[in-house]
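Asks: What follows is a structure written as structure tokens; I'll ask about it next.
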Amino acid sequence: MLLSAGCGRQGSSPATPLARPLTIAISADIRGTNPGVTRDGNTDAILNHVVESLVAYGENLTIKPLLAETVETSPDHRTYTFRLRHGLRFHNGAPVTSAEVKWSWLRMMAPDTGFRCRSWYDGSMSDGVGSRIVGIETPDRYTVVFRLGRANSAFLDQMASPQCITAILHPSSVAKDGTWIAPVGTGPYRISEWRRGEYIELTRFDGYVARDEPRDGYAGGRVAKMERIRFVIIPEMAVGISALQAGDIDILPRVAPYLTANINLDGLQVASSDQLQWHVLLVQTRDPMLRDIRIRRAVAQAINLDQVAAIATYGAAAANPSAVARISPFHSPSQDIRWPYDPRAARALLAEAGYRGEPIRIQTNRKIPFAYDNAVAIQAMLNAAGINAQLEVIDWATQLSNYFEGRFQLSVFSYSARAHPLLSYAAFTGSKARNPAVQWDDEVARRLLGDATRAATPAEQQAIFDRLHLRMVRQIPIIGLYNEPSSDLARRDIRGYRNWPIGHPRLWGVWRAGA
């Protein structure tokens, strides 16, 4: 298989620098600047403007070259050959060569780096998604060859992941002792200022060479039309709407559907699309109470998934119990199977399990869109079925830390957009002993994921994903709610902005009219 596309024009820029940056709201501060290491959704969205990978997802969720000019896959899916585009530069002016690609990947693979998805590439997910990279060769200045220990048809999907960004960096990004400094990347923008708790500002990299193609997801031409862009931290949606209407910000992403239906849209435009982000209820199967499958099933049957989706999204989203997004070509009718909503059956299961009204706490936060609304709806349904559900409203940073450590009973959560079901399942399937953030610790599920990784055809993968979903429904390590709908609002004078299924805002190719 060969991916190929045109490779380059100088990124265009306005004739006159703008007095003020393009401004966009984010719900919380970033966690750091180390790609794939200190990360969450906001962090990923910003860093994807600063750093780039060899390949990226296009608008239609297929893999396309980015820093690579071409990508060649061997028939056995064990050798991947990348030929780099010529003339690329890092933010410090140094040329991009195969040497920096190899250095970046060896750094990601080093245990001390803390790369979140290292297990995809080091062979430690022996039963799951991934394959050990047994060699990275650089036969010439512009060619990089990855050799895998076993077949991995998802290797390019993993490499293109917008969460675990496989950033190609210059070695000056770290100190001599390996300590992280800042990303010296290849993207159309670079970080110029981070005022913690207030904003992160990016400045156009004038040495950037954009691809010839039109903007295409995270691929295509990343033409930086604005000299500066600023991500402003606005935790409260109501404050963000007021700031947008007043002209203090230009773009407000992820506005709840009921708000877009009930606010004054004069002077504004709406950009909407179906999304991949998956809202869920995490279930801690190691909890003394929730390790009982009868209690977990009672929780599942007490929740009306259709009502949760309708309440939170103002009817804009349908329930999705599956890790396979509704817009995915792999979302078959089997993916819609779930426990039926039945409060009476839930009460009977609670009585059988000897439940006596002990509190079961639902962790949530008020910063991430939909999280609090989901929690309130679920709490009411659990209480109605006889479960003493109590909300534990905490700040997002604490909830995220608790997620990574497995410190919760139930937790309203969402998984960032993952374009391939293999990556969706890999986000929560594995060994709790090795990774407390794992939700589903099941040997058979891990083996099925490995089978899907090596499957030769999409039809074979489909059969495996259907089996995985049915097994997950039976074991209830997680309860899927829905895929988040997205409506982004922008000022009327903003040009070129639109959202897409991955959900992260892309501010290349965007400008203010009259600039």
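As shown in the structure tokens, the chain order sets the letters A, B, ...; within each chain, residues go from 1, and ligands are also counted from 1 in the order they appear.
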Can you pull out every residue within 6 Å of Leu268 of chain A, counting only C-alpha atoms, but drop anything in the same chain fewer than 4 positions away, and send it as a list in words?
Replies: Ala490, Arg491 and Arg492 of chain A
Asks: Please, could you write that set of residues out with N, CA and C atoms as a PDB file, in the first residue's frame?
Replies:
ATOM      1  N   ALA A 490     -18.690  30.769  16.102  1.00  0.00           N
ATOM      2  CA  ALA A 490     -17.646  31.716  15.725  1.00  0.00           C
ATOM      3  C   ALA A 490     -18.282  33.046  15.354  1.00  0.00           C
ATOM      4  N   ARG A 491     -17.496  34.105  15.505  1.00  0.00           N
ATOM      5  CA  ARG A 491     -17.954  35.403  15.062  1.00  0.00           C
ATOM      6  C   ARG A 491     -18.176  35.386  13.548  1.00  0.00           C
ATOM      7  N   ARG A 492     -19.087  36.228  13.087  1.00  0.00           N
ATOM      8  CA  ARG A 492     -19.456  36.216  11.685  1.00  0.00           C
ATOM      9  C   ARG A 492     -18.289  36.574  10.758  1.00  0.00           C
TER      10      ARG A 492
END
Asks: Extract, using only C-alpha atoms, all DNA, RNA and protein residues at most 6 Å from segment 250-260 of chain A, discarding same-chain residues fewer than 4 positions from it, and format them as a ChimeraX atom specification.
Replies: /A:23-25,313-314,486-491
Asks: Give me the residues near Trp511 of chain A as a count of residues only, where near means some atom within 7 Å (using only C-alpha atoms) and where sequence neighbours in that chain fewer than 6 positions away do not count.
Replies: 5
Asks: Counting only C-alpha atoms, which residues of segment 46-120 of chain A sit at most 9 Å from some atom of segment 195-215 of chain A, and what is each one's closest atom pair with its distance in Å to one decimal, listed by chain and rising residue number, as CSV?
Replies:
residue,atom,partner,partner_atom,distance
A:Ile46,CA,A:Ile200,CA,8.5
A:His49,CA,A:Leu202,CA,8.5
A:Val50,CA,A:Leu202,CA,8.2
A:Gly58,CA,A:Arg215,CA,8.7
A:Glu59,CA,A:Arg215,CA,8.6
A:Leu66,CA,A:Arg211,CA,7.9
A:Gly87,CA,A:Val209,CA,7.6
A:Leu88,CA,A:Val209,CA,6.4
A:Arg89,CA,A:Gly207,CA,6.7
A:Phe90,CA,A:Gly207,CA,8.2
A:His91,CA,A:Phe205,CA,6.8
A:Gly93,CA,A:Gly207,CA,7.4
Asks: Those residues with C-alpha atoms, as a short mmCIF file (atom, residue, chain, number, x, y, z; two decimals), in the first residue's frame please?
Replies:
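Ended up saving to selection.cif:
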data_model
loop_
_atom_site.label_atom_id
_atom_site.label_comp_id
_atom_site.auth_asym_id
_atom_site.auth_seq_id
_atom_site.Cartn_x
_atom_site.Cartn_y
_atom_site.Cartn_z
CA ILE A 46 -3.03 23.05 21.09
CA HIS A 49 -0.66 23.16 15.97
CA VAL A 50 2.95 23.08 17.18
CA GLY A 58 -7.73 13.19 6.93
CA GLU A 59 -11.24 14.63 7.12
CA LEU A 66 2.01 14.74 6.74
CA GLY A 87 12.83 21.40 2.64
CA LEU A 88 11.14 20.99 6.01
CA ARG A 89 12.49 22.96 8.98
CA PHE A 90 12.23 22.81 12.74
CA HIS A 91 11.27 25.95 14.63
CA GLY A 93 15.71 26.59 11.60
#
Asks: Determine which residues of segment 24-95 of chain A DSSP labels as strand (DSSP E) from the backbone of this structure, then write them out as a list in words.
Replies: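 The strand (DSSP E) subset of segment 24-95 of chain A is Ile24, Ala25, Ile26, Val55, Ala56, Tyr57, Ile63, Lys64, Pro65, Ala68, Glu69, Thr70, Val71, Glu72, Thr73, Thr79, Tyr80, Thr81, Phe82, Arg83 and Leu84 of chain A.
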Asks: For the residues in that selection, give me N, CA and C atoms as a compact mmCIF listing (two decimals), in the first residue's frame.
Replies:
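Writing the result to again-v4.txt gives the following:
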# COMPACT_ATOMS: atom_id res chain seq x y z
N ILE A 24 -9.61 31.86 20.76
CA ILE A 24 -10.52 30.73 20.89
C ILE A 24 -10.54 30.29 22.34
N ALA A 25 -11.70 29.91 22.84
CA ALA A 25 -11.83 29.50 24.25
C ALA A 25 -11.50 28.03 24.41
N ILE A 26 -10.86 27.70 25.54
CA ILE A 26 -10.71 26.32 25.98
C ILE A 26 -11.22 26.24 27.41
N VAL A 55 2.44 10.92 9.73
CA VAL A 55 1.14 10.77 9.07
C VAL A 55 0.07 11.39 9.94
N ALA A 56 -1.12 11.58 9.36
CA ALA A 56 -2.22 12.19 10.11
C ALA A 56 -3.54 11.69 9.54
N TYR A 57 -4.60 11.92 10.30
CA TYR A 57 -5.94 11.58 9.84
C TYR A 57 -6.48 12.67 8.92
N ILE A 63 -5.87 7.53 6.72
CA ILE A 63 -4.51 7.95 7.02
C ILE A 63 -3.87 8.58 5.79
N LYS A 64 -3.23 9.74 6.00
CA LYS A 64 -2.56 10.43 4.90
C LYS A 64 -1.19 10.91 5.37
N PRO A 65 -0.25 11.08 4.43
CA PRO A 65 1.07 11.58 4.82
C PRO A 65 1.00 13.02 5.33
N ALA A 68 5.71 13.01 6.09
CA ALA A 68 6.14 12.08 5.04
C ALA A 68 5.62 12.54 3.69
N GLU A 69 6.40 12.27 2.66
CA GLU A 69 5.93 12.46 1.28
C GLU A 69 5.17 11.22 0.83
N THR A 70 5.71 10.05 1.15
CA THR A 70 5.03 8.80 0.84
C THR A 70 5.21 7.83 2.00
N VAL A 71 4.29 6.89 2.08
CA VAL A 71 4.35 5.82 3.09
C VAL A 71 4.10 4.51 2.38
N GLU A 72 4.98 3.57 2.55
CA GLU A 72 4.83 2.26 1.92
C GLU A 72 4.74 1.18 2.99
N THR A 73 3.72 0.34 2.89
CA THR A 73 3.49 -0.74 3.85
C THR A 73 3.75 -2.07 3.18
N THR A 79 6.72 -4.05 7.91
CA THR A 79 7.71 -3.06 7.52
C THR A 79 7.00 -1.84 6.94
N TYR A 80 7.33 -0.68 7.49
CA TYR A 80 6.74 0.58 7.05
C TYR A 80 7.87 1.53 6.66
N THR A 81 7.82 2.00 5.43
CA THR A 81 8.88 2.86 4.90
C THR A 81 8.33 4.25 4.62
N PHE A 82 8.95 5.26 5.23
CA PHE A 82 8.53 6.64 5.09
C PHE A 82 9.62 7.42 4.36
N ARG A 83 9.21 8.16 3.34
CA ARG A 83 10.12 9.06 2.66
C ARG A 83 9.69 10.49 2.98
N LEU A 84 10.58 11.24 3.59
CA LEU A 84 10.25 12.57 4.09
C LEU A 84 10.15 13.59 2.98
Asks: Within 9 Å of segment 303-309 of chain A, which residues of segment 357-390 of chain A come that close, and what is the closest atom pair and distance in Å for each? Count only C-alpha atoms and give it as a Markdown table.
Replies:
| residue | atom | partner | partner_atom | distance |
| --- | --- | --- | --- | --- |
| A:Asp373 | CA | A:Val308 | CA | 8.6 |
| A:Asn374 | CA | A:Val308 | CA | 6.4 |
| A:Ala377 | CA | A:Val308 | CA | 6.1 |
| A:Ile378 | CA | A:Ile303 | CA | 6.4 |
| A:Met381 | CA | A:Ile303 | CA | 5.8 |
| A:Leu382 | CA | A:Ile303 | CA | 6.8 |
| A:Ala385 | CA | A:Ile303 | CA | 8.9 |
Asks: If you keep N, CA and C atoms, can you produce a file of those selected residues as a PDB file, in the first residue's frame?
Replies:
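So the final result, stored in out.pdb, reads:
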ATOM      1  N   ASP A 373     -24.013  17.357  33.682  1.00  0.00           N
ATOM      2  CA  ASP A 373     -25.380  16.994  33.286  1.00  0.00           C
ATOM      3  C   ASP A 373     -25.546  15.474  33.232  1.00  0.00           C
ATOM      4  N   ASN A 374     -24.546  14.786  32.695  1.00  0.00           N
ATOM      5  CA  ASN A 374     -24.603  13.325  32.665  1.00  0.00           C
ATOM      6  C   ASN A 374     -24.704  12.758  34.066  1.00  0.00           C
ATOM      7  N   ALA A 377     -28.208  13.296  35.731  1.00  0.00           N
ATOM      8  CA  ALA A 377     -29.224  12.402  35.176  1.00  0.00           C
ATOM      9  C   ALA A 377     -29.027  10.973  35.668  1.00  0.00           C
ATOM     10  N   ILE A 378     -27.784  10.507  35.683  1.00  0.00           N
ATOM     11  CA  ILE A 378     -27.507   9.137  36.131  1.00  0.00           C
ATOM     12  C   ILE A 378     -27.823   8.983  37.608  1.00  0.00           C
ATOM     13  N   MET A 381     -31.548   8.508  38.135  1.00  0.00           N
ATOM     14  CA  MET A 381     -32.006   7.190  37.700  1.00  0.00           C
ATOM     15  C   MET A 381     -31.583   6.099  38.678  1.00  0.00           C
ATOM     16  N   LEU A 382     -30.342   6.184  39.179  1.00  0.00           N
ATOM     17  CA  LEU A 382     -29.894   5.187  40.155  1.00  0.00           C
ATOM     18  C   LEU A 382     -30.685   5.297  41.448  1.00  0.00           C
ATOM     19  N   ALA A 385     -33.983   3.657  41.276  1.00  0.00           N
ATOM     20  CA  ALA A 385     -33.940   2.187  41.289  1.00  0.00           C
ATOM     21  C   ALA A 385     -33.483   1.633  42.632  1.00  0.00           C
TER      22      ALA A 385
END
Asks: Tell me, in Å to one decimal, how far atom CA of Arg286 of chain A is from atom CA of Arg338 of chain A.
Replies: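 If I compute the distance from atom CA of Arg286 of chain A to atom CA of Arg338 of chain A, I get 22.1 Å.
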Asks: Compile the contact shell of Asn435 of chain A as a PyMOL selection string: residues with an atom at most 10 Å away, counting only C-alpha atoms, same-chain residues fewer than 6 positions apart removed.
Replies: chain A and resi 404-406+428-429+441
Asks: Could the residues in this selection be written to a file with N, CA and C atoms, as a PDB file, in the first residue's frame?
Replies:
ATOM      1  N   PHE A 404      -6.427   8.145  36.347  1.00  0.00           N
ATOM      2  CA  PHE A 404      -5.150   7.482  36.085  1.00  0.00           C
ATOM      3  C   PHE A 404      -4.774   6.518  37.208  1.00  0.00           C
ATOM      4  N   GLU A 405      -5.233   6.800  38.432  1.00  0.00           N
ATOM      5  CA  GLU A 405      -4.906   5.939  39.574  1.00  0.00           C
ATOM      6  C   GLU A 405      -6.014   4.947  39.906  1.00  0.00           C
ATOM      7  N   GLY A 406      -7.156   5.029  39.222  1.00  0.00           N
ATOM      8  CA  GLY A 406      -8.271   4.123  39.494  1.00  0.00           C
ATOM      9  C   GLY A 406      -8.980   4.413  40.799  1.00  0.00           C
ATOM     10  N   PHE A 428      -9.032   1.605  27.031  1.00  0.00           N
ATOM     11  CA  PHE A 428      -9.529   1.180  28.343  1.00  0.00           C
ATOM     12  C   PHE A 428      -9.381  -0.318  28.592  1.00  0.00           C
ATOM     13  N   THR A 429      -8.716  -1.048  27.719  1.00  0.00           N
ATOM     14  CA  THR A 429      -8.554  -2.488  27.880  1.00  0.00           C
ATOM     15  C   THR A 429      -7.090  -2.813  28.165  1.00  0.00           C
ATOM     16  N   ASP A 441     -10.166  -5.317  32.446  1.00  0.00           N
ATOM     17  CA  ASP A 441      -9.047  -6.238  32.644  1.00  0.00           C
ATOM     18  C   ASP A 441      -9.562  -7.654  32.378  1.00  0.00           C
TER      19      ASP A 441
END
Asks: Rank nothing, just name the residue among A:Glu358, A:Pro458, A:Ala302, A:Gln275 nearest to Tyr482 of chain A, using only C-alpha atoms.
Replies: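 Using only C-alpha atoms, Tyr482 of chain A sits closest to A:Gln275.
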Asks: Do you know which residues are at most 9 Å from segment 176-182 of chain A counting only C-alpha atoms, after dropping those on the same chain fewer than 4 positions away, and could you put them as a ChimeraX atom specification?
Replies: /A:33-34,107,112-113,172,191
Asks: Using only C-alpha atoms, which protein or nucleic acid residues come within 9 Å of Ala455 of chain A? Drop anything in the same chain fewer than 6 positions from it, and give the result as a ChimeraX atom specification.
Replies: /A:151-153,461
Asks: Could you dump the residues just selected with N, CA and C atoms as a PDB file, in the first residue's frame?
Replies:
ATOM      1  N   ALA A 151       3.017  -8.608  12.744  1.00  0.00           N
ATOM      2  CA  ALA A 151       2.112  -7.804  11.921  1.00  0.00           C
ATOM      3  C   ALA A 151       1.275  -6.857  12.785  1.00  0.00           C
ATOM      4  N   ASN A 152       1.109  -5.656  12.285  1.00  0.00           N
ATOM      5  CA  ASN A 152       0.271  -4.675  12.971  1.00  0.00           C
ATOM      6  C   ASN A 152      -0.385  -3.781  11.925  1.00  0.00           C
ATOM      7  N   SER A 153      -1.615  -4.122  11.563  1.00  0.00           N
ATOM      8  CA  SER A 153      -2.331  -3.360  10.543  1.00  0.00           C
ATOM      9  C   SER A 153      -2.795  -2.013  11.071  1.00  0.00           C
ATOM     10  N   GLN A 461     -12.044  -7.887  11.036  1.00  0.00           N
ATOM     11  CA  GLN A 461     -12.036  -6.969  12.177  1.00  0.00           C
ATOM     12  C   GLN A 461     -13.454  -6.716  12.679  1.00  0.00           C
TER      13      GLN A 461
END
Asks: Determine, counting only C-alpha atoms, which protein, DNA and RNA residues have an atom within 9 Å of an atom of Arg506 of chain A; residues of the same chain fewer than 6 positions away are not included. Present the result as a ChimeraX atom specification.
Replies: /A:45-46,48-49,217-218,497-499
Asks: Suppose we keep C-alpha atoms; can you now write the selection as a PDB file, in the first residue's frame?
Replies:
ATOM      1  CA  ALA A  45      -5.585  20.297  20.544  1.00  0.00           C
ATOM      2  CA  ILE A  46      -3.035  23.047  21.091  1.00  0.00           C
ATOM      3  CA  ASN A  48      -1.238  19.620  17.282  1.00  0.00           C
ATOM      4  CA  HIS A  49      -0.657  23.163  15.973  1.00  0.00           C
ATOM      5  CA  GLY A 217      -8.398  16.957   8.733  1.00  0.00           C
ATOM      6  CA  TYR A 218      -5.012  16.983  10.437  1.00  0.00           C
ATOM      7  CA  TYR A 497     -13.323  27.684  10.356  1.00  0.00           C
ATOM      8  CA  ARG A 498     -15.133  24.375  10.565  1.00  0.00           C
ATOM      9  CA  ASN A 499     -15.114  21.470  12.949  1.00  0.00           C
TER      10      ASN A 499
END
